[in-house]
Amino acid sequence: MLSLWRAIRRLGRAAEPAPAPPVPAGPAVAAELAGSVQVRHVDAGSCNGCELEIGAAFGPVYDAERYGARLVASPRHADALVVTGAVTRNMVEPLRRTYEAVGEPKVVVAVGDCARNCGVFAEAYGVVGAVADVVPVDLEVVGCPPRPETIVAALRLCTGR
Amino acid sequence: MSALGVAGGVLQAVVIVGGAPLLLGLMRQVRARLEGRAGPGVGQPWRDLRKLVRKQSISPRGTTEVFRVAPVLLVAMTLVVAVVAPLVTTASAVPPVADLFVVVALLAHATVVIALAGLDSGTAFGGMGASREVTVLALVEPTALVAIFALSVPTGSTSLPTIVGTALDDPQRLISPASLLAAVALAAVIVAETGRLPVDNPSTHLELTMIHEAMVLEYAGPDLALVELGSAMRLSVYLGLFTSLFVPWGIATTATPLALALGVVALVVKVGVVGAGLAALEVFLAKLRLFRVPELLAGSFLLALLAVTTAYVLG
Amino acid sequence: MNAVGWGLVSAVVVALAATVAALAVPRRHRPAVTGVGVVAAGLLGTVAGVVATTGTTWSVARPDLLPLIGLELDVDSLSGVFLAVGGVVAIAAGTYAIGAARHGLDGPGVQAALPAFVASLLLVPAAGSVGTLLYCWELMALTSLVLVVAEHRERPAVASAGLWYAVMTHAGFVAIMVGLLVAAGAAGDGSFAAIRAAASGLSPAAASPAFLACLAGFGSKAGMVPLHPWLPRAHPEAPSHVSALMSAAMVNLGVYGIVRVGVDLLGGGPSWWWVTVLVLGAVSAVYGILQAAVGSDLKRLLGYSTTENMGLVLVGVGACGMFAAAGSRALAGLALTAALLHVMTHAAFKTVLFLSAGSVLHATGTRDLDALGGLRSRMPVTTAAFGVGALAASALPPGAAFVSEWLLLQALIHGLPAPGVVPAVVLPLGVAAIALTAGLAVATFVKAFGIGFLGRPRGAGAAAAAESGPAALTAMVLAGLACVAAAVCPTLVLPTLAEVAGGVVHAVPAVSGTVAIELVGVSGVLSPVLLVVTLIAAAAAVVGALRLLARRRDRRRARLWDCGAGPLSARMEYTATSFAEPLQRVFDDVLAPEQDVDVSHHEESRYLVAAVSYRRELPDRVERRLYTPLLDAATAWGRAGRGLATGSVHRYLGYGFVTLCGLLAWLVVTR
């Protein structure tokens, strides 16, 4: 316990200073969500690169939670779906159902190049298409994988903070 | 029903409803800072609630009115406790309800209502959460009742205003072994009942490790807002009760505005300090395995029993 | 003859007339005739009981009415409480019986036994002499036995349950008879008045065995551990309205017997009697609810819950006797008031629970919780009734049992300053037992209600269930209303009960108040009605605030969250067994469950699993440890006896010759 306390003392604050808040150009629902976005992450067929970056975005250094975003366990609790990967055949229906399970108002964020346009997996035999082919997408995050800063920036567009 | 009691009841309802999410925010903030994060700010739970209330309600198919009524009952029962218990003032708004047994059992009932809602959804996780929550409840209840017994022995009454009033008049009683043992036992009860570490991890995302969260996975929108508000209020009410029983100083004994204001400030400060302490302590704890939890609770039961014996032998 | 007399006599006459009528009328009308007869008898009995509780006494002695022993009835206020409880339960059970005439249940014997059983239930608390009590007690045992085995053709378990019941109830009868005869022998007369008068002169050497024998006999009727094994067998196997009568009315008479003999007739006795009662009560409460918490048979679970609740009542009775022995009469009155109130609330909620369990059993064909579920939409009234009963039974506010358990806890808490080391040790343990019971009762009834009625159906029977007929629904609603009344306004009956209890222990009434329950002499106040009002106000405020703040009024129906896969099948739901598994694990050492997992492999490879079978059994440990050896010994003794009886006439003549010689030799030696 004491060693943990020493580690806390030594480390101090790990979070990087917050960049300037986004200009209000996010999706229209951001105003209705007003600073609080619960995020449900759906892996529609990702290589797990984007997952690592999302994990980093919610880690202490980038600390997406300080802008009011929080990962939750159930789509019922969520306002935003963060979808990664090209949508594989087996994930079409689950993705659609997850989208339906979220109450209005909701946003869908397609994270990574695969989610946007299938990336390197385009036209692979198990891939149905990009996320936008299955559910309406409000925001896209570019990158393969995207940098945590860009993910955080997209989430800040949703929270408006 | 005295003026002091009514004033206390109104103030307590306002302070608990308004302050409970802030307490939760404070605890999350303390935890975030100790983890090296910046944290979302103390007001974040209120922002969450505001958003949830604006969202759409969802009724999963196959659920009954039990599912729909449960969040309302959860908040209502906790609200009743917040009104009748002596938190800001020593008098109670409804004295014949301000009994320690009633208060603890009412808070337990709120848990039961949510467990039934979990079973009502008919999902695997709902049943799992309900089963675990009720198991913990069944083991916590005895500790709570026996600890109450220990506290009531010196005063000869289970009426909360009487117990708090006696403690104010005779502060030495608070550092008696019986009182200290009962305090430790009640602390374990509070940790288990409010789903804090090491019994339950309130911020887990993994269904298999959940207790409380697993029951409420189906709730959305305003229903979820009520569930979250209810859980936050439970925590505040429990901590408020704890501080009133063991650190009663500052509580208003007269109905003057100054005394009432002091009472409110004292409650906020005491609960805030205890809550922040609890949050800081949680950083150092890992969640116990589910089947190790009973050992913790059995230990607290033993402490409570010891408290009764001490109260009799030394009191 | 006053109102009590008229009520009681006419109730018994109506019941006996219904018995005769059941034998005479054709099969078609039989259930209606007996049902109406039982309801009428119940009503009259209730009236007699209620009048009696207000202090009107009535007694009669007719030496010519029963052969050899005569009939002596003596109704005082204590009898009145049990009369009234029995009467009210009979009203609900009789109403249910009108509609519960399935095949096997409308035979003349079974139908005739029901009103006779009710008559005996009303007569036992009214008995005024040892002979009358024993006579009525035996009538109660026999008629209930006929009712328990009513469905013996359908299920083999019924016969075994009937055998257990027959043996244990008669063993209990013998114990009571021995105990009462010792007391009556010392008094020189069998009437209760004579025994009461002679009690002060009774030596402890006679009084203590008499009390202990009565405790064993009456305690076994009340399902007291370790004399309980008949209860969780007989109560589930009986038809449900009979279960209600047995569990809500008959077991009470065990408590009545202990109070009547111990406190009233023998005048209190030493403290250790009552410590014994209290400890046995506490053990029964914890053991009963523990078995109920891990069980998955709905009616068996309710049977174990009866053991639990009678245990709680016995804790109250024991505390009462202990306080009385220590000289604190006021506290004794409080403890007895709590016990009597718990008898009443238990009767109310156990009636509704058994009747709705019967309704479920009738509709689904099963009482296995693991195969139930989803009954809310199919059987709304039954679900509501069971919900009300479960709330009452789980001892949470604002339920009925909360009030009585609160009162019981108050008695124990205020008793701690009583002199002596024994209370200091026993009372905290009593509180701990009640506390443990309260927690487990919550788990039990969340399981029974949540698994049995909510969620989705787990079996074909539950999926095809339909609501019961009007008679059953009326009965359940009546019993449910009694539960609600007991929860919201117990103050209607509490002052009367306190006066009754005060009369028994010679103290002033321990409870007063109309809006709130106020303890007299010690501090303590509780108002169930104010609690309900505050709760409703708070709920209204919450709903109002939500209406005001919510922006979207629409409520969307959506599919259950199945993690995007699905569909969710009923097999994915938690069952009663899985729900109770964590608790079972916690209490592993006490329950000693027997489970085995059988894995069979394919012939080709040990690594390919063909089937896994899992079996778990939770035997009643007391039964296993205590009764199995006893029964084995009896069987062995019988086997040994068989060796003597070979069927050879020479041998039998030889036995006679040897016995005669032995006798003569004995005479020669002694004379």
# chains A, B, ... in the order shown; residues from 1 in each chain; ligands from 1
>>> select_by_dssp(residues="chain A", states="helix (DSSP H, G or I)", output="ChimeraX atom specification")
/A:2-11,29-33,49-57,64-67,75-77,89-101,113-117,119-121,131-133,148-159
>>> select_by_dssp(residues="chain A", states="strand (DSSP E or B)", output="list of chain:residue names")
A:Val37, A:Gln38, A:Val39, A:Arg40, A:His41, A:Val42, A:Asp43, A:Ala69, A:Arg70, A:Leu71, A:Ala80, A:Leu81, A:Val82, A:Val83, A:Thr84, A:Val87, A:Thr88, A:Val107, A:Val108, A:Val109, A:Ala110, A:Val111, A:Val127, A:Val128, A:Gly129, A:Leu139, A:Glu140, A:Val141
>>> write_last_selection(atoms="C-alpha atoms", output="mmCIF file, in the first residue's frame")
data_model
loop_
_atom_site.group_PDB
_atom_site.id
_atom_site.type_symbol
_atom_site.label_atom_id
_atom_site.label_comp_id
_atom_site.auth_asym_id
_atom_site.auth_seq_id
_atom_site.Cartn_x
_atom_site.Cartn_y
_atom_site.Cartn_z
ATOM 1 C CA VAL A 37 -21.673 11.197 -23.526
ATOM 2 C CA GLN A 38 -21.779 7.550 -22.567
ATOM 3 C CA VAL A 39 -19.906 5.485 -25.092
ATOM 4 C CA ARG A 40 -20.525 1.918 -26.143
ATOM 5 C CA HIS A 41 -17.767 0.461 -28.230
ATOM 6 C CA VAL A 42 -18.593 -2.063 -30.966
ATOM 7 C CA ASP A 43 -15.856 -4.023 -32.655
ATOM 8 C CA ALA A 69 -17.211 10.855 -22.160
ATOM 9 C CA ARG A 70 -17.388 7.515 -20.368
ATOM 10 C CA LEU A 71 -17.322 3.916 -21.568
ATOM 11 C CA ALA A 80 -22.681 7.207 -28.684
ATOM 12 C CA LEU A 81 -21.639 4.079 -30.511
ATOM 13 C CA VAL A 82 -17.964 3.935 -31.293
ATOM 14 C CA VAL A 83 -17.609 1.417 -34.102
ATOM 15 C CA THR A 84 -14.247 0.073 -35.234
ATOM 16 C CA VAL A 87 -18.236 -4.669 -40.810
ATOM 17 C CA THR A 88 -17.880 -8.408 -41.194
ATOM 18 C CA VAL A 107 -24.568 9.411 -32.412
ATOM 19 C CA VAL A 108 -22.429 6.900 -34.238
ATOM 20 C CA VAL A 109 -18.699 7.472 -34.471
ATOM 21 C CA ALA A 110 -16.813 5.372 -37.026
ATOM 22 C CA VAL A 111 -13.256 5.083 -35.734
ATOM 23 C CA VAL A 127 -16.509 -8.037 -45.253
ATOM 24 C CA VAL A 128 -19.922 -6.583 -45.982
ATOM 25 C CA GLY A 129 -18.944 -2.953 -46.127
ATOM 26 C CA LEU A 139 -18.726 11.324 -37.219
ATOM 27 C CA GLU A 140 -15.652 9.734 -38.720
ATOM 28 C CA VAL A 141 -12.167 9.474 -37.281
#
>>> closest_residue(among="C:His170, C:His506, C:Lys221, C:His241", to="Tyr96 of chain C", atoms="only C-alpha atoms")
C:His241
>>> atom_distance(atom1="atom CA of Ile289 of chain C", atom2="atom CA of Thr444 of chain C")
7.6 Å
>>> interface_residues(of="chain C", to="chain B", cutoff="6 Å", atoms="only C-alpha atoms", output="MDAnalysis selection string")
chainID C and resid 396:397 435:436 439:440 443 450 454:456 523 525:527 531 538:539 550:552 555:560 572:574 579 583
>>> write_last_selection(atoms="C-alpha atoms", output="PDB file, in the first residue's frame")
ATOM      1  CA  LEU C 396     -39.405  -5.479   4.739  1.00  0.00           C
ATOM      2  CA  PRO C 397     -41.310  -2.301   5.427  1.00  0.00           C
ATOM      3  CA  ALA C 435     -31.393 -10.730  11.936  1.00  0.00           C
ATOM      4  CA  LEU C 436     -29.998 -13.676  10.010  1.00  0.00           C
ATOM      5  CA  GLY C 439     -31.789 -11.362   5.559  1.00  0.00           C
ATOM      6  CA  LEU C 440     -32.371 -14.891   4.317  1.00  0.00           C
ATOM      7  CA  ALA C 443     -33.417 -13.744  -0.446  1.00  0.00           C
ATOM      8  CA  GLY C 450     -38.776 -12.985  -9.039  1.00  0.00           C
ATOM      9  CA  LEU C 454     -41.338 -12.578 -13.409  1.00  0.00           C
ATOM     10  CA  GLY C 455     -39.096 -12.952 -16.427  1.00  0.00           C
ATOM     11  CA  ARG C 456     -39.989 -15.395 -19.156  1.00  0.00           C
ATOM     12  CA  SER C 523     -39.400   3.902  24.525  1.00  0.00           C
ATOM     13  CA  VAL C 525     -42.729   4.056  18.442  1.00  0.00           C
ATOM     14  CA  LEU C 526     -43.554   3.003  14.898  1.00  0.00           C
ATOM     15  CA  SER C 527     -46.327   4.042  12.583  1.00  0.00           C
ATOM     16  CA  LEU C 531     -44.717   5.113   6.666  1.00  0.00           C
ATOM     17  CA  ALA C 538     -42.387  10.453  -1.980  1.00  0.00           C
ATOM     18  CA  ALA C 539     -43.250   8.258  -4.972  1.00  0.00           C
ATOM     19  CA  ALA C 550     -38.612  14.698 -19.129  1.00  0.00           C
ATOM     20  CA  ARG C 551     -38.595  16.056 -22.659  1.00  0.00           C
ATOM     21  CA  ARG C 552     -39.598  12.988 -24.565  1.00  0.00           C
ATOM     22  CA  ARG C 555     -41.812   5.133 -24.408  1.00  0.00           C
ATOM     23  CA  ARG C 556     -40.292   2.913 -27.039  1.00  0.00           C
ATOM     24  CA  ARG C 557     -40.647  -0.845 -26.856  1.00  0.00           C
ATOM     25  CA  ALA C 558     -37.465  -2.611 -27.800  1.00  0.00           C
ATOM     26  CA  ARG C 559     -36.107  -6.102 -27.868  1.00  0.00           C
ATOM     27  CA  LEU C 560     -34.212  -7.259 -24.805  1.00  0.00           C
ATOM     28  CA  MET C 572     -30.287 -18.522 -20.549  1.00  0.00           C
ATOM     29  CA  GLU C 573     -32.341 -17.159 -17.680  1.00  0.00           C
ATOM     30  CA  TYR C 574     -31.306 -17.612 -14.111  1.00  0.00           C
ATOM     31  CA  PHE C 579     -30.145 -17.852  -8.031  1.00  0.00           C
ATOM     32  CA  LEU C 583     -26.035 -18.613  -0.776  1.00  0.00           C
TER      33      LEU C 583
END
>>> residues_around(residues="Gly257 of chain C", least_positions_apart="4", cutoff="9 Å", atoms="only C-alpha atoms", output="list of chain:residue names")
C:Pro125, C:Cys214, C:Leu215, C:Gly217, C:Phe218, C:Gly219, C:Asn252, C:Leu253, C:Val261, C:Gly262
>>> interface_residues(of="chain C", to="chain A", cutoff="7 Å", atoms="only C-alpha atoms", output="list in words")
Ala558, Trp561, Gly564 and Ala565 of chain C
>>> closest_atom_pairs(of="chain A", to="chain B", cutoff="6 Å", atoms="only C-alpha atoms", output="JSON lines")
{"residue": "A:Gly12", "atom": "CA", "partner": "B:Gly36", "partner_atom": "CA", "distance": 5.9}
{"residue": "A:Arg13", "atom": "CA", "partner": "B:Gly36", "partner_atom": "CA", "distance": 4.2}
{"residue": "A:Ala14", "atom": "CA", "partner": "B:Gly36", "partner_atom": "CA", "distance": 4.7}
{"residue": "A:Ala15", "atom": "CA", "partner": "B:Arg37", "partner_atom": "CA", "distance": 5.1}
{"residue": "A:Leu33", "atom": "CA", "partner": "B:Lys51", "partner_atom": "CA", "distance": 5.4}
{"residue": "A:Ser36", "atom": "CA", "partner": "B:Asp48", "partner_atom": "CA", "distance": 5.3}
{"residue": "A:Pro60", "atom": "CA", "partner": "B:Arg37", "partner_atom": "CA", "distance": 4.9}
{"residue": "A:Glu65", "atom": "CA", "partner": "B:Pro40", "partner_atom": "CA", "distance": 5.7}
{"residue": "A:Arg66", "atom": "CA", "partner": "B:Pro40", "partner_atom": "CA", "distance": 3.6}
{"residue": "A:Tyr67", "atom": "CA", "partner": "B:Pro40", "partner_atom": "CA", "distance": 5.9}
{"residue": "A:Gly68", "atom": "CA", "partner": "B:Pro40", "partner_atom": "CA", "distance": 5.7}
{"residue": "A:Ala73", "atom": "CA", "partner": "B:His205", "partner_atom": "CA", "distance": 4.8}
{"residue": "A:Ser74", "atom": "CA", "partner": "B:Leu217", "partner_atom": "CA", "distance": 5.8}
{"residue": "A:Arg76", "atom": "CA", "partner": "B:Ala220", "partner_atom": "CA", "distance": 5.0}
{"residue": "A:His77", "atom": "CA", "partner": "B:Ala220", "partner_atom": "CA", "distance": 5.5}
{"residue": "A:Gly103", "atom": "CA", "partner": "B:Gln56", "partner_atom": "CA", "distance": 5.5}
{"residue": "A:Glu104", "atom": "CA", "partner": "B:Gln56", "partner_atom": "CA", "distance": 5.5}
>>> write_last_selection(atoms="N, CA and C atoms", output="PDB file, in the first residue's frame")
ATOM      1  N   GLY A  12       2.372  11.979  -9.824  1.00  0.00           N
ATOM      2  CA  GLY A  12       1.628  13.246  -9.894  1.00  0.00           C
ATOM      3  C   GLY A  12       0.556  13.155 -10.947  1.00  0.00           C
ATOM      4  N   ARG A  13       0.461  14.174 -11.767  1.00  0.00           N
ATOM      5  CA  ARG A  13      -0.580  14.188 -12.770  1.00  0.00           C
ATOM      6  C   ARG A  13      -0.044  13.698 -14.107  1.00  0.00           C
ATOM      7  N   ALA A  14      -0.657  12.655 -14.625  1.00  0.00           N
ATOM      8  CA  ALA A  14      -0.193  12.083 -15.878  1.00  0.00           C
ATOM      9  C   ALA A  14      -0.915  12.687 -17.069  1.00  0.00           C
ATOM     10  N   ALA A  15      -2.104  13.216 -16.829  1.00  0.00           N
ATOM     11  CA  ALA A  15      -2.900  13.725 -17.942  1.00  0.00           C
ATOM     12  C   ALA A  15      -2.207  14.907 -18.597  1.00  0.00           C
ATOM     13  N   LEU A  33     -27.036  16.568 -25.706  1.00  0.00           N
ATOM     14  CA  LEU A  33     -26.296  15.755 -24.739  1.00  0.00           C
ATOM     15  C   LEU A  33     -25.622  16.633 -23.693  1.00  0.00           C
ATOM     16  N   SER A  36     -22.247  15.376 -21.640  1.00  0.00           N
ATOM     17  CA  SER A  36     -22.176  14.035 -21.079  1.00  0.00           C
ATOM     18  C   SER A  36     -22.465  13.029 -22.178  1.00  0.00           C
ATOM     19  N   PRO A  60      -4.998   7.425 -18.597  1.00  0.00           N
ATOM     20  CA  PRO A  60      -4.700   8.640 -17.841  1.00  0.00           C
ATOM     21  C   PRO A  60      -4.082   9.754 -18.678  1.00  0.00           C
ATOM     22  N   GLU A  65     -12.223  11.019 -20.307  1.00  0.00           N
ATOM     23  CA  GLU A  65     -13.311  11.179 -19.339  1.00  0.00           C
ATOM     24  C   GLU A  65     -13.438  12.610 -18.851  1.00  0.00           C
ATOM     25  N   ARG A  66     -12.345  13.374 -18.925  1.00  0.00           N
ATOM     26  CA  ARG A  66     -12.430  14.733 -18.392  1.00  0.00           C
ATOM     27  C   ARG A  66     -13.344  15.607 -19.244  1.00  0.00           C
ATOM     28  N   TYR A  67     -13.623  15.171 -20.466  1.00  0.00           N
ATOM     29  CA  TYR A  67     -14.542  15.943 -21.310  1.00  0.00           C
ATOM     30  C   TYR A  67     -15.975  15.432 -21.218  1.00  0.00           C
ATOM     31  N   GLY A  68     -16.213  14.482 -20.294  1.00  0.00           N
ATOM     32  CA  GLY A  68     -17.589  14.013 -20.094  1.00  0.00           C
ATOM     33  C   GLY A  68     -17.930  12.760 -20.853  1.00  0.00           C
ATOM     34  N   ALA A  73     -21.250  -0.314 -20.241  1.00  0.00           N
ATOM     35  CA  ALA A  73     -21.324  -1.736 -20.555  1.00  0.00           C
ATOM     36  C   ALA A  73     -22.524  -2.087 -21.411  1.00  0.00           C
ATOM     37  N   SER A  74     -23.527  -1.235 -21.432  1.00  0.00           N
ATOM     38  CA  SER A  74     -24.754  -1.600 -22.135  1.00  0.00           C
ATOM     39  C   SER A  74     -25.125  -0.500 -23.121  1.00  0.00           C
ATOM     40  N   ARG A  76     -27.961   0.376 -23.860  1.00  0.00           N
ATOM     41  CA  ARG A  76     -29.095   1.104 -23.277  1.00  0.00           C
ATOM     42  C   ARG A  76     -28.622   2.341 -22.519  1.00  0.00           C
ATOM     43  N   HIS A  77     -27.420   2.236 -21.942  1.00  0.00           N
ATOM     44  CA  HIS A  77     -26.894   3.354 -21.167  1.00  0.00           C
ATOM     45  C   HIS A  77     -26.187   4.364 -22.064  1.00  0.00           C
ATOM     46  N   GLY A 103     -31.071   4.455 -27.070  1.00  0.00           N
ATOM     47  CA  GLY A 103     -32.206   5.368 -27.095  1.00  0.00           C
ATOM     48  C   GLY A 103     -31.859   6.670 -27.774  1.00  0.00           C
ATOM     49  N   GLU A 104     -32.883   7.337 -28.322  1.00  0.00           N
ATOM     50  CA  GLU A 104     -32.676   8.653 -28.939  1.00  0.00           C
ATOM     51  C   GLU A 104     -32.391   9.681 -27.854  1.00  0.00           C
TER      52      GLU A 104
END
>>> atom_distance(atom1="atom CA of Cys483 of chain C", atom2="atom CA of Val317 of chain C")
22.7 Å
>>> atom_distance(atom1="atom CA of Glu123 of chain A", atom2="atom CA of Pro146 of chain A")
21.6 Å
>>> residues_around(residues="segment 184-196 of chain B", least_positions_apart="3", cutoff="6 Å", atoms="only C-alpha atoms", output="VMD selection string")
chain B and resid 140 181 199 to 201 235 300 303 to 304
>>> residues_around(residues="segment 489-492 of chain C", least_positions_apart="6", cutoff="8 Å", atoms="only C-alpha atoms", output="list in words")
Val403, Ser512, Gly513, Thr514, Val515, Ala516, Ile517, Pro528 and Val529 of chain C
>>> write_last_selection(atoms="C-alpha atoms", output="mmCIF file, in the first residue's frame")
data_model
loop_
_atom_site.group_PDB
_atom_site.id
_atom_site.type_symbol
_atom_site.label_atom_id
_atom_site.label_comp_id
_atom_site.auth_asym_id
_atom_site.auth_seq_id
_atom_site.Cartn_x
_atom_site.Cartn_y
_atom_site.Cartn_z
ATOM 1 C CA VAL C 403 -44.277 -4.825 12.146
ATOM 2 C CA SER C 512 -51.130 1.346 22.735
ATOM 3 C CA GLY C 513 -51.873 3.908 20.075
ATOM 4 C CA THR C 514 -54.172 4.259 17.101
ATOM 5 C CA VAL C 515 -52.001 5.879 14.434
ATOM 6 C CA ALA C 516 -48.656 4.755 15.733
ATOM 7 C CA ILE C 517 -47.640 1.702 17.711
ATOM 8 C CA PRO C 528 -46.866 1.735 9.618
ATOM 9 C CA VAL C 529 -49.641 3.894 8.234
#
>>> residues_around(residues="segment 137-149 of chain C", least_positions_apart="3", cutoff="6 Å", atoms="only C-alpha atoms", output="list in words")
Val110, Ala113, Phe117, Ser120, Leu133, Leu134, His152, Val158, Gly162 and Ala238 of chain C
>>> decode(residues="segment 200-222 of chain B", atoms="N, CA and C atoms", output="PDB file, in the first residue's frame")
ATOM      1  N   ASP B 200     -17.997  -4.502  -4.578  1.00  0.00           N
ATOM      2  CA  ASP B 200     -18.431  -4.356  -5.961  1.00  0.00           C
ATOM      3  C   ASP B 200     -17.641  -3.204  -6.568  1.00  0.00           C
ATOM      4  N   ASN B 201     -17.377  -3.283  -7.860  1.00  0.00           N
ATOM      5  CA  ASN B 201     -16.642  -2.205  -8.504  1.00  0.00           C
ATOM      6  C   ASN B 201     -17.626  -1.352  -9.292  1.00  0.00           C
ATOM      7  N   PRO B 202     -17.875  -0.112  -8.826  1.00  0.00           N
ATOM      8  CA  PRO B 202     -18.918   0.676  -9.468  1.00  0.00           C
ATOM      9  C   PRO B 202     -18.564   1.110 -10.885  1.00  0.00           C
ATOM     10  N   SER B 203     -17.299   1.014 -11.290  1.00  0.00           N
ATOM     11  CA  SER B 203     -16.954   1.515 -12.616  1.00  0.00           C
ATOM     12  C   SER B 203     -16.542   0.393 -13.557  1.00  0.00           C
ATOM     13  N   THR B 204     -17.003  -0.827 -13.268  1.00  0.00           N
ATOM     14  CA  THR B 204     -16.596  -1.942 -14.131  1.00  0.00           C
ATOM     15  C   THR B 204     -17.400  -1.949 -15.425  1.00  0.00           C
ATOM     16  N   HIS B 205     -16.782  -2.459 -16.486  1.00  0.00           N
ATOM     17  CA  HIS B 205     -17.507  -2.629 -17.743  1.00  0.00           C
ATOM     18  C   HIS B 205     -17.721  -4.102 -18.050  1.00  0.00           C
ATOM     19  N   LEU B 206     -17.193  -4.969 -17.212  1.00  0.00           N
ATOM     20  CA  LEU B 206     -17.272  -6.400 -17.492  1.00  0.00           C
ATOM     21  C   LEU B 206     -18.471  -6.990 -16.762  1.00  0.00           C
ATOM     22  N   GLU B 207     -19.408  -7.500 -17.538  1.00  0.00           N
ATOM     23  CA  GLU B 207     -20.642  -7.997 -16.941  1.00  0.00           C
ATOM     24  C   GLU B 207     -20.377  -9.070 -15.887  1.00  0.00           C
ATOM     25  N   LEU B 208     -19.388  -9.926 -16.148  1.00  0.00           N
ATOM     26  CA  LEU B 208     -19.190 -11.060 -15.252  1.00  0.00           C
ATOM     27  C   LEU B 208     -18.693 -10.641 -13.879  1.00  0.00           C
ATOM     28  N   THR B 209     -18.134  -9.432 -13.775  1.00  0.00           N
ATOM     29  CA  THR B 209     -17.658  -8.997 -12.468  1.00  0.00           C
ATOM     30  C   THR B 209     -18.656  -8.077 -11.784  1.00  0.00           C
ATOM     31  N   MET B 210     -19.780  -7.866 -12.436  1.00  0.00           N
ATOM     32  CA  MET B 210     -20.713  -6.865 -11.898  1.00  0.00           C
ATOM     33  C   MET B 210     -21.600  -7.446 -10.803  1.00  0.00           C
ATOM     34  N   ILE B 211     -22.060  -6.583  -9.927  1.00  0.00           N
ATOM     35  CA  ILE B 211     -23.147  -6.946  -9.032  1.00  0.00           C
ATOM     36  C   ILE B 211     -24.306  -5.998  -9.297  1.00  0.00           C
ATOM     37  N   HIS B 212     -24.110  -4.734  -8.884  1.00  0.00           N
ATOM     38  CA  HIS B 212     -25.220  -3.782  -9.022  1.00  0.00           C
ATOM     39  C   HIS B 212     -25.505  -3.455 -10.486  1.00  0.00           C
ATOM     40  N   GLU B 213     -24.427  -3.181 -11.235  1.00  0.00           N
ATOM     41  CA  GLU B 213     -24.606  -2.742 -12.626  1.00  0.00           C
ATOM     42  C   GLU B 213     -25.337  -3.784 -13.460  1.00  0.00           C
ATOM     43  N   ALA B 214     -25.084  -5.072 -13.164  1.00  0.00           N
ATOM     44  CA  ALA B 214     -25.664  -6.124 -13.997  1.00  0.00           C
ATOM     45  C   ALA B 214     -27.188  -6.112 -13.950  1.00  0.00           C
ATOM     46  N   MET B 215     -27.739  -5.674 -12.810  1.00  0.00           N
ATOM     47  CA  MET B 215     -29.200  -5.673 -12.693  1.00  0.00           C
ATOM     48  C   MET B 215     -29.840  -4.585 -13.528  1.00  0.00           C
ATOM     49  N   VAL B 216     -29.103  -3.512 -13.779  1.00  0.00           N
ATOM     50  CA  VAL B 216     -29.721  -2.345 -14.392  1.00  0.00           C
ATOM     51  C   VAL B 216     -29.278  -2.170 -15.839  1.00  0.00           C
ATOM     52  N   LEU B 217     -28.738  -3.230 -16.433  1.00  0.00           N
ATOM     53  CA  LEU B 217     -28.245  -3.119 -17.811  1.00  0.00           C
ATOM     54  C   LEU B 217     -29.350  -2.752 -18.792  1.00  0.00           C
ATOM     55  N   GLU B 218     -30.615  -3.061 -18.468  1.00  0.00           N
ATOM     56  CA  GLU B 218     -31.700  -2.827 -19.412  1.00  0.00           C
ATOM     57  C   GLU B 218     -32.293  -1.422 -19.303  1.00  0.00           C
ATOM     58  N   TYR B 219     -31.918  -0.688 -18.285  1.00  0.00           N
ATOM     59  CA  TYR B 219     -32.541   0.628 -18.098  1.00  0.00           C
ATOM     60  C   TYR B 219     -31.941   1.666 -19.037  1.00  0.00           C
ATOM     61  N   ALA B 220     -32.781   2.584 -19.501  1.00  0.00           N
ATOM     62  CA  ALA B 220     -32.306   3.654 -20.372  1.00  0.00           C
ATOM     63  C   ALA B 220     -33.052   4.933 -20.040  1.00  0.00           C
ATOM     64  N   GLY B 221     -32.488   6.051 -20.444  1.00  0.00           N
ATOM     65  CA  GLY B 221     -33.175   7.323 -20.344  1.00  0.00           C
ATOM     66  C   GLY B 221     -33.566   7.701 -18.929  1.00  0.00           C
ATOM     67  N   PRO B 222     -34.778   8.263 -18.751  1.00  0.00           N
ATOM     68  CA  PRO B 222     -35.195   8.745 -17.433  1.00  0.00           C
ATOM     69  C   PRO B 222     -35.200   7.644 -16.369  1.00  0.00           C
TER      70      PRO B 222
END
